[in-house]
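For reference, query-v2.cif is printed below; it contains mmCIF, C-alpha atoms.
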data_final
loop_
_atom_site.group_PDB
_atom_site.id
_atom_site.type_symbol
_atom_site.label_atom_id
_atom_site.label_comp_id
_atom_site.auth_asym_id
_atom_site.auth_seq_id
_atom_site.Cartn_x
_atom_site.Cartn_y
_atom_site.Cartn_z
ATOM 1 C CA ASP A 1035 0.000 0.000 0.000
ATOM 2 C CA CYS A 1036 1.877 3.032 -1.331
ATOM 3 C CA PRO A 1037 1.720 6.025 1.033
ATOM 4 C CA VAL A 1038 -0.162 8.957 -0.475
ATOM 5 C CA ILE A 1039 2.509 11.414 0.716
ATOM 6 C CA GLU A 1040 6.022 10.608 1.839
ATOM 7 C CA ILE A 1041 8.465 13.286 2.969
ATOM 8 C CA ARG A 1042 12.140 12.354 3.017
ATOM 9 C CA HIS A 1043 14.929 14.424 4.564
ATOM 10 C CA LEU A 1044 13.060 17.668 3.960
ATOM 11 C CA GLY A 1045 14.952 20.846 4.764
ATOM 12 C CA LYS A 1046 14.084 24.526 4.369
ATOM 13 C CA THR A 1047 16.254 27.541 5.046
ATOM 14 C CA PHE A 1048 15.495 31.241 4.630
ATOM 15 C CA GLY A 1049 18.933 32.847 4.259
ATOM 16 C CA ASP A 1050 20.920 31.690 7.296
ATOM 17 C CA HIS A 1051 17.782 30.738 9.198
ATOM 18 C CA VAL A 1052 17.103 26.995 9.244
ATOM 19 C CA VAL A 1053 13.351 26.482 9.526
ATOM 20 C CA LEU A 1054 13.084 22.737 8.792
ATOM 21 C CA LYS A 1055 15.782 20.143 9.414
ATOM 22 C CA ASP A 1056 15.747 16.636 7.969
ATOM 23 C CA ILE A 1057 12.000 16.056 8.255
ATOM 24 C CA ASP A 1058 10.682 12.560 7.502
ATOM 25 C CA PHE A 1059 7.087 11.460 7.702
ATOM 26 C CA THR A 1060 4.506 9.473 5.820
ATOM 27 C CA VAL A 1061 0.788 9.942 5.229
ATOM 28 C CA LYS A 1062 -1.281 6.930 4.198
ATOM 29 C CA HIS A 1063 -4.741 6.997 2.629
ATOM 30 C CA GLY A 1064 -7.331 7.796 5.297
ATOM 31 C CA ASP A 1065 -4.786 9.096 7.807
ATOM 32 C CA VAL A 1066 -5.574 12.198 9.823
ATOM 33 C CA THR A 1067 -2.181 13.612 10.752
ATOM 34 C CA CYS A 1068 -2.144 16.520 13.205
ATOM 35 C CA ILE A 1069 1.013 18.619 13.392
ATOM 36 C CA ILE A 1070 1.389 20.383 16.723
ATOM 37 C CA GLY A 1071 4.077 22.451 18.416
ATOM 38 C CA ALA A 1072 4.833 25.994 19.534
ATOM 39 C CA SER A 1073 4.626 28.984 17.199
ATOM 40 C CA GLY A 1074 7.807 29.215 15.156
ATOM 41 C CA SER A 1075 8.498 25.473 15.298
ATOM 42 C CA GLY A 1076 8.171 25.127 11.520
ATOM 43 C CA LYS A 1077 4.664 23.621 11.295
ATOM 44 C CA SER A 1078 3.191 26.060 8.796
ATOM 45 C CA THR A 1079 6.374 26.095 6.708
ATOM 46 C CA LEU A 1080 6.185 22.309 6.512
ATOM 47 C CA LEU A 1081 2.584 22.535 5.316
ATOM 48 C CA ARG A 1082 3.472 25.231 2.780
ATOM 49 C CA CYS A 1083 6.253 22.989 1.450
ATOM 50 C CA LEU A 1084 3.730 20.137 1.239
ATOM 51 C CA ASN A 1085 1.543 22.295 -1.020
ATOM 52 C CA LEU A 1086 4.539 23.705 -2.941
ATOM 53 C CA PHE A 1087 3.843 27.264 -1.793
ATOM 54 C CA GLU A 1088 7.412 27.101 -0.514
ATOM 55 C CA THR A 1089 10.153 25.223 -2.329
ATOM 56 C CA PRO A 1090 12.146 23.016 0.045
ATOM 57 C CA THR A 1091 15.901 23.623 0.152
ATOM 58 C CA SER A 1092 16.610 19.891 0.325
ATOM 59 C CA GLY A 1093 14.888 16.524 0.414
ATOM 60 C CA GLU A 1094 11.972 14.968 -1.422
ATOM 61 C CA ILE A 1095 8.182 15.088 -1.327
ATOM 62 C CA LEU A 1096 6.688 11.971 -2.883
ATOM 63 C CA PHE A 1097 3.029 11.923 -3.891
ATOM 64 C CA GLU A 1098 1.895 8.381 -4.690
ATOM 65 C CA GLY A 1099 5.549 7.484 -5.206
ATOM 66 C CA VAL A 1100 6.452 10.397 -7.518
ATOM 67 C CA ASN A 1101 8.777 13.182 -6.340
ATOM 68 C CA VAL A 1102 6.670 16.310 -6.892
ATOM 69 C CA LEU A 1103 9.739 18.539 -6.717
ATOM 70 C CA ASP A 1104 10.813 17.067 -10.086
ATOM 71 C CA ASN A 1105 8.792 17.826 -13.182
ATOM 72 C CA VAL A 1106 5.387 18.069 -11.507
ATOM 73 C CA LYS A 1107 3.486 21.283 -12.130
ATOM 74 C CA PRO A 1108 2.301 22.767 -8.828
ATOM 75 C CA SER A 1109 -1.091 23.513 -10.421
ATOM 76 C CA GLU A 1110 -1.527 19.838 -11.386
ATOM 77 C CA TYR A 1111 -0.404 18.649 -7.967
ATOM 78 C CA ARG A 1112 -2.785 21.055 -6.200
ATOM 79 C CA LYS A 1113 -5.731 19.468 -7.982
ATOM 80 C CA ARG A 1114 -4.976 16.431 -5.833
ATOM 81 C CA VAL A 1115 -3.755 18.122 -2.656
ATOM 82 C CA GLY A 1116 -6.078 20.892 -1.453
ATOM 83 C CA MET A 1117 -5.490 23.535 1.207
ATOM 84 C CA VAL A 1118 -7.599 25.388 3.755
ATOM 85 C CA PHE A 1119 -5.930 28.550 5.088
ATOM 86 C CA GLN A 1120 -6.244 30.248 8.450
ATOM 87 C CA SER A 1121 -7.457 33.455 6.788
ATOM 88 C CA PHE A 1122 -10.136 31.769 4.586
ATOM 89 C CA ASN A 1123 -8.868 33.375 1.315
ATOM 90 C CA LEU A 1124 -12.363 33.509 -0.183
ATOM 91 C CA PHE A 1125 -12.901 35.626 -3.295
ATOM 92 C CA LYS A 1126 -14.668 38.684 -1.887
ATOM 93 C CA ASN A 1127 -16.224 39.680 -5.225
ATOM 94 C CA MET A 1128 -17.998 36.326 -5.641
ATOM 95 C CA ASN A 1129 -20.888 34.824 -3.733
ATOM 96 C CA VAL A 1130 -20.495 31.593 -1.783
ATOM 97 C CA LEU A 1131 -21.647 29.356 -4.630
ATOM 98 C CA LYS A 1132 -19.330 30.987 -7.158
ATOM 99 C CA ASN A 1133 -16.424 30.653 -4.726
ATOM 100 C CA CYS A 1134 -17.028 26.908 -4.758
ATOM 101 C CA THR A 1135 -17.602 26.474 -8.516
ATOM 102 C CA VAL A 1136 -14.783 28.566 -9.970
ATOM 103 C CA GLY A 1137 -12.076 25.938 -9.319
ATOM 104 C CA PRO A 1138 -14.005 22.928 -10.633
ATOM 105 C CA VAL A 1139 -14.989 24.860 -13.794
ATOM 106 C CA LYS A 1140 -11.652 26.536 -14.523
ATOM 107 C CA VAL A 1141 -9.202 23.929 -13.246
ATOM 108 C CA LEU A 1142 -11.066 20.624 -13.512
ATOM 109 C CA LYS A 1143 -13.052 21.698 -16.625
ATOM 110 C CA LEU A 1144 -16.388 20.584 -15.178
ATOM 111 C CA SER A 1145 -19.546 21.888 -16.805
ATOM 112 C CA LYS A 1146 -21.282 24.690 -14.936
ATOM 113 C CA GLU A 1147 -24.158 22.343 -14.012
ATOM 114 C CA GLU A 1148 -21.811 19.673 -12.647
ATOM 115 C CA ALA A 1149 -19.832 22.265 -10.706
ATOM 116 C CA ILE A 1150 -22.970 23.762 -9.147
ATOM 117 C CA ALA A 1151 -24.289 20.327 -8.157
ATOM 118 C CA ARG A 1152 -20.945 19.446 -6.612
ATOM 119 C CA ALA A 1153 -20.625 22.800 -4.819
ATOM 120 C CA LEU A 1154 -24.123 22.539 -3.345
ATOM 121 C CA LYS A 1155 -23.372 19.004 -2.162
ATOM 122 C CA TYR A 1156 -20.305 20.141 -0.218
ATOM 123 C CA LEU A 1157 -21.924 23.352 1.018
ATOM 124 C CA GLY A 1158 -24.680 21.109 2.367
ATOM 125 C CA LEU A 1159 -22.079 18.895 4.013
ATOM 126 C CA VAL A 1160 -20.632 21.865 5.940
ATOM 127 C CA GLY A 1161 -24.070 23.319 6.713
ATOM 128 C CA MET A 1162 -23.753 26.338 4.398
ATOM 129 C CA ALA A 1163 -26.054 25.504 1.451
ATOM 130 C CA GLU A 1164 -28.627 28.105 2.483
ATOM 131 C CA TYR A 1165 -25.935 30.798 2.186
ATOM 132 C CA ALA A 1166 -25.110 29.990 -1.462
ATOM 133 C CA ASP A 1167 -26.076 33.506 -2.628
ATOM 134 C CA ALA A 1168 -24.380 35.359 0.234
ATOM 135 C CA ARG A 1169 -21.171 37.340 -0.146
ATOM 136 C CA PRO A 1170 -18.225 36.532 2.141
ATOM 137 C CA SER A 1171 -18.638 39.958 3.795
ATOM 138 C CA GLN A 1172 -22.059 38.852 5.067
ATOM 139 C CA LEU A 1173 -20.693 35.781 6.869
ATOM 140 C CA SER A 1174 -19.138 35.200 10.284
ATOM 141 C CA GLY A 1175 -15.588 33.892 10.477
ATOM 142 C CA GLY A 1176 -16.783 30.383 11.243
ATOM 143 C CA GLN A 1177 -19.147 30.457 8.267
ATOM 144 C CA LYS A 1178 -16.359 31.719 5.990
ATOM 145 C CA GLN A 1179 -14.101 28.908 7.095
ATOM 146 C CA ARG A 1180 -16.829 26.330 6.479
ATOM 147 C CA VAL A 1181 -17.269 27.757 2.963
ATOM 148 C CA ALA A 1182 -13.497 27.589 2.464
ATOM 149 C CA ILE A 1183 -13.613 23.894 3.436
ATOM 150 C CA ALA A 1184 -16.504 23.278 1.012
ATOM 151 C CA ARG A 1185 -14.547 25.072 -1.719
ATOM 152 C CA ALA A 1186 -11.534 22.819 -1.115
ATOM 153 C CA LEU A 1187 -13.755 19.698 -1.062
ATOM 154 C CA ALA A 1188 -15.417 20.689 -4.355
ATOM 155 C CA MET A 1189 -12.074 19.962 -6.036
ATOM 156 C CA GLN A 1190 -12.383 16.412 -4.609
ATOM 157 C CA PRO A 1191 -8.718 16.287 -3.587
ATOM 158 C CA ASP A 1192 -6.992 13.113 -2.429
ATOM 159 C CA VAL A 1193 -5.517 14.975 0.537
ATOM 160 C CA LEU A 1194 -6.676 18.113 2.302
ATOM 161 C CA LEU A 1195 -4.172 20.281 4.180
ATOM 162 C CA PHE A 1196 -5.372 22.613 6.942
ATOM 163 C CA ASP A 1197 -3.128 25.434 8.185
ATOM 164 C CA GLU A 1198 -4.367 26.369 11.673
ATOM 165 C CA PRO A 1199 -7.931 26.594 10.342
ATOM 166 C CA THR A 1200 -9.397 27.889 13.614
ATOM 167 C CA SER A 1201 -6.689 30.322 14.729
ATOM 168 C CA ALA A 1202 -8.338 33.385 13.125
ATOM 169 C CA LEU A 1203 -11.759 32.580 14.589
ATOM 170 C CA ASP A 1204 -13.541 33.913 17.626
ATOM 171 C CA PRO A 1205 -13.632 31.215 20.329
ATOM 172 C CA GLU A 1206 -17.368 30.593 19.957
ATOM 173 C CA MET A 1207 -16.894 29.776 16.250
ATOM 174 C CA VAL A 1208 -14.063 27.289 16.677
ATOM 175 C CA GLY A 1209 -16.414 24.433 17.564
ATOM 176 C CA GLU A 1210 -18.497 24.656 14.385
ATOM 177 C CA VAL A 1211 -15.389 24.360 12.191
ATOM 178 C CA LEU A 1212 -13.867 21.546 14.264
ATOM 179 C CA ALA A 1213 -17.191 19.684 14.065
ATOM 180 C CA VAL A 1214 -17.072 19.819 10.258
ATOM 181 C CA MET A 1215 -13.443 18.658 10.288
ATOM 182 C CA SER A 1216 -14.284 15.799 12.657
ATOM 183 C CA ASP A 1217 -17.021 14.635 10.276
ATOM 184 C CA LEU A 1218 -14.571 14.771 7.361
ATOM 185 C CA ALA A 1219 -12.016 12.768 9.327
ATOM 186 C CA ARG A 1220 -14.600 10.113 10.127
ATOM 187 C CA SER A 1221 -15.635 9.978 6.455
ATOM 188 C CA GLY A 1222 -12.158 8.710 5.575
ATOM 189 C CA LEU A 1223 -10.726 11.867 3.988
ATOM 190 C CA THR A 1224 -6.926 12.000 4.172
ATOM 191 C CA MET A 1225 -6.052 15.136 6.159
ATOM 192 C CA VAL A 1226 -2.932 16.885 7.406
ATOM 193 C CA VAL A 1227 -3.827 19.497 10.015
ATOM 194 C CA VAL A 1228 -1.582 22.086 11.657
ATOM 195 C CA THR A 1229 -3.470 22.947 14.814
ATOM 196 C CA HIS A 1230 -3.306 24.327 18.345
ATOM 197 C CA GLU A 1231 -6.511 22.497 19.263
ATOM 198 C CA MET A 1232 -5.122 19.749 21.460
ATOM 199 C CA SER A 1233 -8.394 18.014 22.263
ATOM 200 C CA PHE A 1234 -9.227 17.887 18.544
ATOM 201 C CA ALA A 1235 -5.824 16.362 17.807
ATOM 202 C CA ARG A 1236 -6.307 13.811 20.572
ATOM 203 C CA ASP A 1237 -9.822 12.825 19.487
ATOM 204 C CA ILE A 1238 -9.486 12.858 15.712
ATOM 205 C CA ALA A 1239 -5.866 12.279 14.688
ATOM 206 C CA SER A 1240 -4.620 8.857 13.655
ATOM 207 C CA HIS A 1241 -1.094 10.297 13.958
ATOM 208 C CA VAL A 1242 0.274 13.307 15.814
ATOM 209 C CA VAL A 1243 3.553 14.930 14.769
ATOM 210 C CA PHE A 1244 5.123 17.119 17.467
ATOM 211 C CA MET A 1245 7.558 19.695 16.093
ATOM 212 C CA ASP A 1246 10.001 21.904 17.890
ATOM 213 C CA ASP A 1247 12.607 24.196 16.381
ATOM 214 C CA GLY A 1248 12.337 22.771 12.873
ATOM 215 C CA VAL A 1249 12.544 19.089 13.747
ATOM 216 C CA ILE A 1250 10.029 16.355 14.470
ATOM 217 C CA VAL A 1251 10.564 15.550 18.137
ATOM 218 C CA GLU A 1252 7.919 12.832 18.501
#

Starting from the file, give its structure as structure tokens.
Amino acid sequence: DCPVIEIRHLGKTFGDHVVLKDIDFTVKHGDVTCIIGASGSGKSTLLRCLNLFETPTSGEILFEGVNVLDNVKPSEYRKRVGMVFQSFNLFKNMNVLKNCTVGPVKVLKLSKEEAIARALKYLGLVGMAEYADARPSQLSGGQKQRVAIARALAMQPDVLLFDEPTSALDPEMVGEVLAVMSDLARSGLTMVVVTHEMSFARDIASHVVFMDDGVIVE
């Protein structure tokens, strides 16, 4: 059973500053891997390397056995490996539905009808279907993040990366987003989650990676 993602000897430096040192870990299909550790320990940089937003200085990232740092277009790779950001990154000039259909239409070349059906399915899954016509400015932070998750799911990725998806939320909204993520984890979606939510990591993760100062400690 080939791991879906395998990281080997990954390193990342910014100038003289070493952010990641010789990182190795493996994600299998259906794994929920939570990456925890103090701020500045390299968690988000690791995730950004995983999505090719940052180019590692050394090492390999294998996706289904292929090193994505060689000859793989980031845009092609990101069709398979989606990302949910801490700051939602919704398109402010589009309503909720359009936010969730633009990727499937433009990137996956779905028909408009297929894209809308798919978007409504995932908006329903995260409890946001009734807000399909709303603009992001009309939504709470928790609602925006749920839309951002639906948008990522509409691409039907093999793996979904989450970069501290609740850190920008008011405390009372954290639960609604974690509930959606818990449902996704139970559905068998392969997830890699950078999080400060320890109880979530304990309850949901199949693996926990503890980072400190650019290395995996445990």

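Pairwise distance (atom CA of A:Ser1145, atom CA of A:Asn1129) equals 18.4 Å.
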
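Here the PyMOL selection byres ((chain A and resi 1244) around 6) catches exactly these residues: Ile1069, Ile1070, Gly1071, Val1243, Met1245, Ile1250, Val1251 and Glu1252 of chain A.
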
C-alpha atoms of the current selection, written as a PDB file, in the coordinates of the input:
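And here is the file that came out, again_28.pdb:
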ATOM      1  CA  ILE A1069       1.013  18.619  13.392  1.00  0.00           C
ATOM      2  CA  ILE A1070       1.389  20.383  16.723  1.00  0.00           C
ATOM      3  CA  GLY A1071       4.077  22.451  18.416  1.00  0.00           C
ATOM      4  CA  VAL A1243       3.553  14.930  14.769  1.00  0.00           C
ATOM      5  CA  MET A1245       7.558  19.695  16.093  1.00  0.00           C
ATOM      6  CA  ILE A1250      10.029  16.355  14.470  1.00  0.00           C
ATOM      7  CA  VAL A1251      10.564  15.550  18.137  1.00  0.00           C
ATOM      8  CA  GLU A1252       7.919  12.832  18.501  1.00  0.00           C
TER       9      GLU A1252
END

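Among A:Lys1143, A:Lys1155, A:Arg1042, A:Lys1126, the residue with the shortest atom-to-atom distance to A:Val1061, counting all atoms listed in the file, is A:Arg1042.
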
Would you pick out the contacts of A:Ser1075 at 6 Å or less, using only C-alpha atoms, so that residues sharing its chain but fewer than 4 positions from it are not included, and give the list as a count of residues only?
4

Hey, what's within 9 Å of A:Gly1099 if we count all atoms listed in the file and toss same-chain stuff fewer than 3 positions away? As a list in words, please?
Cys1036, Pro1037, Val1038, Ile1039, Glu1040, Ile1095 and Leu1096 of chain A

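With the shown file loaded, the PyMOL selection byres ((chain A and resi 1198) around 8) picks out Phe1119, Gln1120, Phe1196, Asp1197, Pro1199, Thr1200, Ser1201, Val1227, Val1228, Thr1229 and His1230 of chain A.
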
Kindly list the centre and edge lengths in Å, rounded to one decimal, for the axis-aligned box that covers all listed atoms of stretch 1212-1222 of chain A plus 3 Å on each of its six sides, as lines of an AutoDock Vina configuration file.
center_x = -14.6
center_y = 15.1
center_z = 9.9
size_x = 11.2
size_y = 18.8
size_z = 14.7

Between A:Pro1108, A:Pro1170, A:Gly1158, A:Gly1137, which one has atoms that come closest to A:Phe1125, using all atoms listed in the file?
A:Pro1170

re atom CA of A:Val1160 and atom CA of A:Val1214: distance 6.0 Å

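Nearest to A:Ser1121 of all the residues A:Tyr1165, A:Leu1203, A:Asp1104, A:Met1189 is A:Leu1203, counting only C-alpha atoms.
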
Coordinates-based distance that separates atom CA of A:Leu1131 from atom CA of A:Ala1149 (Å, one decimal)
9.5 Å

With all atoms listed in the file as the counted atoms, please give the residues lying no more than 12 Å from A:Lys1132, apart from itself and same-chain residues fewer than 5 positions off, as a VMD selection string.
chain A and resid 1124 to 1127 1137 to 1140 1146 1149 to 1154 1157 1165 to 1170 1181 to 1182 1184 to 1185 1188

Residue subset to file, keeping C-alpha atoms, as a PDB file, keeping the file's coordinate frame:
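Written output follows (out-v1.pdb):
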ATOM      1  CA  LEU A1124     -12.363  33.509  -0.183  1.00  0.00           C
ATOM      2  CA  PHE A1125     -12.901  35.626  -3.295  1.00  0.00           C
ATOM      3  CA  LYS A1126     -14.668  38.684  -1.887  1.00  0.00           C
ATOM      4  CA  ASN A1127     -16.224  39.680  -5.225  1.00  0.00           C
ATOM      5  CA  GLY A1137     -12.076  25.938  -9.319  1.00  0.00           C
ATOM      6  CA  PRO A1138     -14.005  22.928 -10.633  1.00  0.00           C
ATOM      7  CA  VAL A1139     -14.989  24.860 -13.794  1.00  0.00           C
ATOM      8  CA  LYS A1140     -11.652  26.536 -14.523  1.00  0.00           C
ATOM      9  CA  LYS A1146     -21.282  24.690 -14.936  1.00  0.00           C
ATOM     10  CA  ALA A1149     -19.832  22.265 -10.706  1.00  0.00           C
ATOM     11  CA  ILE A1150     -22.970  23.762  -9.147  1.00  0.00           C
ATOM     12  CA  ALA A1151     -24.289  20.327  -8.157  1.00  0.00           C
ATOM     13  CA  ARG A1152     -20.945  19.446  -6.612  1.00  0.00           C
ATOM     14  CA  ALA A1153     -20.625  22.800  -4.819  1.00  0.00           C
ATOM     15  CA  LEU A1154     -24.123  22.539  -3.345  1.00  0.00           C
ATOM     16  CA  LEU A1157     -21.924  23.352   1.018  1.00  0.00           C
ATOM     17  CA  TYR A1165     -25.935  30.798   2.186  1.00  0.00           C
ATOM     18  CA  ALA A1166     -25.110  29.990  -1.462  1.00  0.00           C
ATOM     19  CA  ASP A1167     -26.076  33.506  -2.628  1.00  0.00           C
ATOM     20  CA  ALA A1168     -24.380  35.359   0.234  1.00  0.00           C
ATOM     21  CA  ARG A1169     -21.171  37.340  -0.146  1.00  0.00           C
ATOM     22  CA  PRO A1170     -18.225  36.532   2.141  1.00  0.00           C
ATOM     23  CA  VAL A1181     -17.269  27.757   2.963  1.00  0.00           C
ATOM     24  CA  ALA A1182     -13.497  27.589   2.464  1.00  0.00           C
ATOM     25  CA  ALA A1184     -16.504  23.278   1.012  1.00  0.00           C
ATOM     26  CA  ARG A1185     -14.547  25.072  -1.719  1.00  0.00           C
ATOM     27  CA  ALA A1188     -15.417  20.689  -4.355  1.00  0.00           C
TER      28      ALA A1188
END

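Between A:Phe1097 and the candidates A:Glu1148, A:Glu1210, A:Asp1192, A:Glu1164, the tightest atom-to-atom separation, counting all atoms listed in the file, involves A:Asp1192.
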
If you apply the PyMOL selection byres ((chain A and resi 1240) around 8) to this file, what residues do you get, as a list in words?
Asp1065, Val1066, Thr1067, Ile1238, Ala1239, His1241 and Val1242 of chain A

Please produce a file of the residues just selected, as a PDB file, in the frame of the given file, where the atoms kept are C-alpha atoms.
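Resulting contents of again_37.pdb:
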ATOM      1  CA  ASP A1065      -4.786   9.096   7.807  1.00  0.00           C
ATOM      2  CA  VAL A1066      -5.574  12.198   9.823  1.00  0.00           C
ATOM      3  CA  THR A1067      -2.181  13.612  10.752  1.00  0.00           C
ATOM      4  CA  ILE A1238      -9.486  12.858  15.712  1.00  0.00           C
ATOM      5  CA  ALA A1239      -5.866  12.279  14.688  1.00  0.00           C
ATOM      6  CA  HIS A1241      -1.094  10.297  13.958  1.00  0.00           C
ATOM      7  CA  VAL A1242       0.274  13.307  15.814  1.00  0.00           C
TER       8      VAL A1242
END

Under the rule that all atoms listed in the file are counted, which of A:Ala1072, A:Cys1083, A:Val1193, A:Phe1048 is the nearest residue to A:Glu1231?
A:Ala1072

N, CA, C and O atoms are needed for stretch 1036-1053 of chain A; please write them out as a tab-separated table (two decimals), in the frame of the given file.
chain	number	residue	atom	x	y	z
A	1036	CYS	N	0.99	1.87	-1.17
A	1036	CYS	CA	1.88	3.03	-1.33
A	1036	CYS	C	1.34	4.20	-0.51
A	1036	CYS	O	0.15	4.51	-0.58
A	1037	PRO	N	2.20	4.85	0.31
A	1037	PRO	CA	1.72	6.02	1.03
A	1037	PRO	C	1.27	7.10	0.05
A	1037	PRO	O	1.82	7.18	-1.06
A	1038	VAL	N	0.28	7.90	0.43
A	1038	VAL	CA	-0.16	8.96	-0.48
A	1038	VAL	C	0.88	10.08	-0.51
A	1038	VAL	O	1.22	10.60	-1.56
A	1039	ILE	N	1.43	10.42	0.66
A	1039	ILE	CA	2.51	11.41	0.72
A	1039	ILE	C	3.64	10.85	1.56
A	1039	ILE	O	3.40	10.30	2.64
A	1040	GLU	N	4.85	11.01	1.06
A	1040	GLU	CA	6.02	10.61	1.84
A	1040	GLU	C	7.05	11.74	1.75
A	1040	GLU	O	7.41	12.17	0.66
A	1041	ILE	N	7.47	12.22	2.90
A	1041	ILE	CA	8.46	13.29	2.97
A	1041	ILE	C	9.78	12.66	3.43
A	1041	ILE	O	9.80	11.95	4.43
A	1042	ARG	N	10.84	12.93	2.68
A	1042	ARG	CA	12.14	12.35	3.02
A	1042	ARG	C	13.18	13.45	3.15
A	1042	ARG	O	13.41	14.21	2.20
A	1043	HIS	N	13.78	13.53	4.31
A	1043	HIS	CA	14.93	14.42	4.56
A	1043	HIS	C	14.66	15.86	4.13
A	1043	HIS	O	15.52	16.53	3.55
A	1044	LEU	N	13.44	16.33	4.42
A	1044	LEU	CA	13.06	17.67	3.96
A	1044	LEU	C	13.76	18.74	4.78
A	1044	LEU	O	13.78	18.68	6.02
A	1045	GLY	N	14.33	19.70	4.09
A	1045	GLY	CA	14.95	20.85	4.76
A	1045	GLY	C	14.49	22.14	4.12
A	1045	GLY	O	14.17	22.18	2.93
A	1046	LYS	N	14.43	23.21	4.91
A	1046	LYS	CA	14.08	24.53	4.37
A	1046	LYS	C	14.85	25.59	5.14
A	1046	LYS	O	14.79	25.63	6.38
A	1047	THR	N	15.58	26.41	4.41
A	1047	THR	CA	16.25	27.54	5.05
A	1047	THR	C	15.79	28.82	4.37
A	1047	THR	O	15.49	28.84	3.17
A	1048	PHE	N	15.71	29.89	5.16
A	1048	PHE	CA	15.50	31.24	4.63
A	1048	PHE	C	16.77	32.01	4.97
A	1048	PHE	O	16.99	32.34	6.14
A	1049	GLY	N	17.64	32.22	3.97
A	1049	GLY	CA	18.93	32.85	4.26
A	1049	GLY	C	19.73	31.94	5.18
A	1049	GLY	O	19.94	30.77	4.88
A	1050	ASP	N	20.16	32.50	6.33
A	1050	ASP	CA	20.92	31.69	7.30
A	1050	ASP	C	20.01	30.97	8.29
A	1050	ASP	O	20.48	30.21	9.13
A	1051	HIS	N	18.72	31.25	8.20
A	1051	HIS	CA	17.78	30.74	9.20
A	1051	HIS	C	17.26	29.36	8.76
A	1051	HIS	O	16.60	29.24	7.73
A	1052	VAL	N	17.57	28.35	9.55
A	1052	VAL	CA	17.10	27.00	9.24
A	1052	VAL	C	15.73	26.81	9.87
A	1052	VAL	O	15.58	26.86	11.10
A	1053	VAL	N	14.72	26.60	9.03
A	1053	VAL	CA	13.35	26.48	9.53
A	1053	VAL	C	12.94	25.02	9.68
A	1053	VAL	O	12.24	24.66	10.62
